[in-house]
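For reference, the structure is listed below as C-alpha cells.
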Amino acid sequence: MPFAVHNHFPGLKRLLSAHGRRIPVPDSLHQPQPGAEDAAALFLMARRLTNEIRSLVIRAAAEGREKKDTCRLLADLLSRTGRFGSHAYRIAINNFIVREIETYCFFHLDTEDLISLWKEVG
C-alpha cells in the first residue's frame with residue numbers, strides 16, 4: 001500500500017498541486033531579520049572564543065596544569081569576553097570546553113565544575 005504523503009502533510013498537497021506555478025513569497029522573508037547583524041557578530045565572537053579556549057587548553061595540558069588552575073585560566077578568558085554569560089551560546093561553549101578538556105587534559109569537568117566556572121566569571 002503506497003504511503004499517502006498528502007494525508008500526513010496537508011500543506012505539501014497544496015504545494016505539489018501548484019504544478020510549476022510560482023507560489024508568492026511574503027516580502028517579510030526577503031527583509032533582513034532584526035538583530036541579524038548582531039547575531040552574526042556574536043557568532044564570530046563565539047568562533048574566536050572557541051579558538052582561544054582550544055589554545056588555552058592545549059597550553060595548559062602541555063604545561064601539566066591541574067584542573068583548578070585550568071578552570072581559573074578559563075574563567076579569566078571568559079570574563080574578558082563577557083557577552084556569553086547568559087546567552088544561548090553558553091551551552092555550546094560549555095560543551096566545547098568539556099570536549100577540549102577531555103581531548104587534551106588528564107582530567108574531566110563535570111556540571112558542578114562548569115557551574116562554578118561561570119559563577120567565577122560573574
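How things are named: the first chain in the C-alpha cells is A, the next is B, and so on; residues count from 1 in each chain; ligands count from 1 in the order shown.
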(request) Extract, using only C-alpha atoms, all DNA, RNA and protein residues at most 9 Å from region 45-49 of chain A, discarding same-chain residues fewer than 2 positions from it, and format them as a count of residues only. (result) 14
(message) Could you list, as number ranges by chain, every residue within 9 Å of Phe106 (chain A), counting only C-alpha atoms and ignoring same-chain residues fewer than 3 positions away?
(response) A: 61, 64, 66-67, 101-103
(request) Quick one: pull the distance between CA of Glu112 (chain A) and CA of Ala75 (chain A), Å, one decimal. (result)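 That distance, rounded to one decimal, is 14.2 Å.
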(message) Quick one: residues within 12 Å of region 69-72 of chain A, only C-alpha atoms, excluding same-chain residues fewer than 2 positions away - as a ChimeraX atom specification?
(response) /A:53-67,74-79,97-98,100-101,104-110,112-121
(message) Write out as a PyMOL selection string the set of residues from region 54-99 of chain A that DSSP, computed on the backbone, places in helix (DSSP H, G or I).
(response) chain A and resi 54-62+67-81+89-99
Go ahead and write the residues just picked, C-alpha atoms, as a compact mmCIF listing (two decimals), in the first residue's frame.
# COMPACT_ATOMS: atom_id res chain seq x y z
CA ARG A 54 41.37 25.49 22.45
CA SER A 55 44.72 27.28 22.60
CA LEU A 56 44.41 27.78 26.35
CA VAL A 57 43.52 24.14 27.00
CA ILE A 58 46.35 22.84 24.79
CA ARG A 59 48.82 25.16 26.54
CA ALA A 60 47.51 24.14 29.99
CA ALA A 61 47.85 20.45 29.07
CA ALA A 62 51.38 20.95 27.73
CA LYS A 67 42.01 21.24 37.00
CA LYS A 68 41.72 24.14 39.44
CA ASP A 69 44.40 26.18 37.69
CA THR A 70 42.98 25.46 34.22
CA CYS A 71 39.50 26.48 35.39
CA ARG A 72 40.90 29.74 36.75
CA LEU A 73 42.54 30.46 33.37
CA LEU A 74 39.27 29.64 31.59
CA ALA A 75 37.35 31.93 33.94
CA ASP A 76 39.80 34.76 33.21
CA LEU A 77 39.36 34.23 29.48
CA LEU A 78 35.55 34.05 29.70
CA SER A 79 35.35 37.14 31.89
CA ARG A 80 37.28 39.14 29.29
CA THR A 81 34.76 38.25 26.59
CA TYR A 89 25.92 30.21 23.12
CA ARG A 90 26.81 29.34 26.71
CA ILE A 91 25.60 25.75 26.29
CA ALA A 92 27.70 25.32 23.17
CA ILE A 93 30.70 26.89 24.89
CA ASN A 94 30.27 24.53 27.86
CA ASN A 95 30.14 21.54 25.52
CA PHE A 96 33.21 22.80 23.69
CA ILE A 97 35.17 23.30 26.92
CA VAL A 98 34.28 19.81 28.15
CA ARG A 99 35.28 18.24 24.83
